[in-house]
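S.K.: Just dropping this structure here.
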2 protein chains.
Amino acid sequence: MSEQQTSAAAGPAAASAAGAGVIDLLGLLAYARLVAFFRLAGDAELAPTLAGKGQLAEIAVSEQANYRRLHDRLRELGADPEEAMRPFVVPLDAWHARTEPQSWLESLVKAYVGDGIADDFYRRLAELADLETQALVRDTLVESGRAEFVAAQVRAAIADDPRLAGRLSLWARRLVGEALSQAQSVAARRPDLAALLGGGARESAKGGAGADDTAQPGDLAMVSRMFADLTDAHTARLEAMGLSG
Amino acid sequence: MSEQQTSAAAGPAAASAAGAGVIDLLGLLAYARLVAFFRLAGDAELAPTLAGKGQLAEIAVSEQANYRRLHDRLRELGADPEEAMRPFVVPLDAWHARTEPQSWLESLVKAYVGDGIADDFYRRLAELADLETQALVRDTLVESGRAEFVAAQVRAAIADDPRLAGRLSLWARRLVGEALSQAQSVAARRPDLAALLGGGARESAKGGAGADDTAQPGDLAMVSRMFADLTDAHTARLEAMGLSG
């Protein structure tokens with residue numbers, strides 16, 4: 001990866017580390033969007049109505065559009081988009097394999113809660129990158145249209161059968177637990193990305209020594225802390241669906 | 001279904017039959033696009049590379065855009081889009097179930113040959129409808145971009161392993177055979193749509209008696225004749241991939 005990938009105004013060593021971190025972030029997001037597209041499209045088979053299938057197709061398509069933008073941005077930065085995505089294939093595929101919805105309602109909760117917390121996490125990560133990356137990441141986050149579509153359907157289902165609330169609350173907890181575990185695994189394997197979490201403070205403490213090959217224990221703890229910080233938005237999403245945390 | 005659904009300038013009885021036929025045609029096309037979207041997205045899991053997955057996602061998304069346009073047009077005509085699509089769920093799902101690709105190459109050939117012949121068929125049907133429907137159907141047909149993407153990959157695979165040519169030619173024949181069989185089943189069940197095939201000639205012979213509940217044997221024969229007429233374009237697609245008919 002080359003120095004020109006970063007548009008940060010820091011010194012060369014810091015720029016190199018930040019640049020690789022940004023490429024990692026964009027690669028992670030691009031693959032997250034691509035795989036979300038495929039999973040949402042696949043889950044739509046569970047939809048009980050043709051209208052529901054059509055709506056989930058619409059949501060899936062918005063993920064593909066985001067994938068396309070992130071992919072193009074990677075190319076613009078001189079990176080190979082597929083190379084940039086590759087490190088995240090295993091953890092993201094693992095997250096989806098461990099959280100395969102068994103019903104239409106589970107798939108809706110996943111599309112809202114799972115992608116919601118992931119987006120909050122990506123947004124936080126992006127805050128530590130350059131302004132252009134921040135703007136792009138913000139633009140490619142899930143729009144609120146999904147929230148209304150999902151929350152209304154889940155609420156209606158719970159009104160019909162109140163026992164669903166407990167089962168779906170458990171499902172939401174599992175989604176978050178699996179997300180945290182995959183996020184920690186990513187942070188452990190991608191020191192440049194984890195360094196974004198450590199931010200400028202850590203770079204200067206190291207005297208601009210650039211990226212090394214292992215994440216600092218502090219970075220992993222930071223992942224947990226970041227997840228803890230995301231609780232409020234997560235709880236709000238649960239409440240919108242009539243679920244508890 | 002109401003008279004205002006048709007914009008044809010024919011007499012009232014003919015207009016009513018043509019109107020229902022046009023709603024059927026748009027419903028058929030809308031569901032064909034929606035299900036093609038899901039199948040293409042599902043088949044992308046077979047792609048050997050991340051770049052291939054991304055390209056198939058792109059193709060899938062273009063199908064969803066076409067679905068959206070047909071869906072909106074049905075609503076514009078005062079029809080319930082889901083109602084209009086419903087009669088075609090069983091035959092189109094059956095077509096996909098009988099032609100489930102077992103490999104990446106089979107899915108590529110299906111996306112090109114299967115959707116290609118279906119589109120030729122839809123275009124012919126649309127020629128018998130009003131001008132606005134004709135234009136919409138033409139606009140929502142598969143763009144040529146897909147042809148190049150698919151043909152290049154299949155040719156390259158055959159160059160690597162010439163034995164593939166025979167197997168994929170057989171696969172293409174099966175795709176067309178299953179398509180013909182589903183098209184005949186649709187024509188038998190949807191007299192209004194079959195009447196589009198019979199066109200104005202049959203309407204006037206019947207003295208404007210409107211649609212009845214059974215397709216005429218002539219309509220079913222017409223489906224076979226139409227398929228036979230599509231042979232040239234089909235053969236050209238096979239040749240583009242290095243396959244024989």
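Letters for chains follow the order of the structure tokens (A, B, ...), residue numbers begin at 1 for each chain, and ligand numbers begin at 1 in the order shown.
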Quick one: residues within 12 Å of Ser62 (chain A), only C-alpha atoms, excluding same-chain residues fewer than 4 positions away - as a list in words?

M.R.: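 Once the nearby chain positions are removed, what remains is Arg33, Leu34, Ala36, Phe37, Phe38, Leu40, Ala41, Gln55, Leu56, Ala57, Glu58, Asn66, Tyr67, Arg68, Arg69, Asp139, Thr140, Leu141, Val142, Glu143, Ser144, Gly145 and Arg146 of chain A; Ala57, Glu58, Val61, Gln64 and Ala65 of chain B.
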
S.K.: When you look at Phe149 (chain A) with a cut-off of 12 Å (counting only C-alpha atoms), what residues show up, excluding the ones that are within fewer than 5 positions of it in the same chain? I need them as a list of chain:residue names.

M.R.: A:Ala51, A:Gly52, A:Gln55, A:Leu56, A:Glu58, A:Ile59, A:Leu105, A:Leu108, A:Val109, A:Ala111, A:Tyr112, A:Glu143, A:Ser144, A:Val154, A:Arg155, A:Ala156, A:Ala240, A:Met241

S.K.: Residues within 8 Å of Val137 (chain B), please, as a list in words. Count only C-alpha atoms; anything in the same chain fewer than 3 positions from it doesn't count.

M.R.: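 Once the adjacent positions are removed, what remains is Tyr122, Arg123, Ala126, Thr133, Gln134, Thr140 and Leu141 of chain B.
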
S.K.: Name the closest residue to Gln153 (chain A) among the candidates A:Trp104, A:Tyr31, A:Phe227, A:Trp95; distances are taken between atoms, counting only C-alpha atoms.

M.R.: A:Trp104

S.K.: Could you check the closest approach to chain B for each of A:Ala94, A:Leu70, A:Ala44, A:Leu128 and tell me which residue wins, using only C-alpha atoms?

M.R.: A:Ala44

S.K.: Quick one: residues within 10 Å of Ala228 (chain A), only C-alpha atoms counted, chain neighbours fewer than 6 positions away excluded, as a CSV table (one decimal) with C-alpha atoms, in the first residue's frame?

M.R.:
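Written file, part-v4.csv:
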chain,number,residue,atom,x,y,z
A,180,LEU,CA,-18.4,-8.0,19.5
A,222,MET,CA,-10.9,-0.2,23.2
A,234,HIS,CA,-28.8,-0.2,20.4

S.K.: Between CA of Lys110 (chain B) and CA of Ala47 (chain A), what is the spacing in Å?

M.R.: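 Rounded to one decimal, the two atoms are 24.9 Å apart.
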
S.K.: From a DSSP calculation on the backbone, collect every residue of region 35-209 of chain A in alpha helix (DSSP H) and output the set as an NGL selection string.

M.R.: :A and (35-43 or 50-76 or 81-85 or 89-98 or 104-109 or 115-127 or 131-139 or 145-160 or 164-189 or 191-205)

S.K.: Do you have the CA of Leu74 (chain A)-CA of Glu178 (chain A) distance handy?

M.R.: 27.6 Å

S.K.: Pick out the closest residue to chain A from this set: B:Gly19, B:Asp192, B:Glu76, B:Glu83. Count only C-alpha atoms.

M.R.: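 Using only C-alpha atoms, chain A sits closest to B:Glu83.
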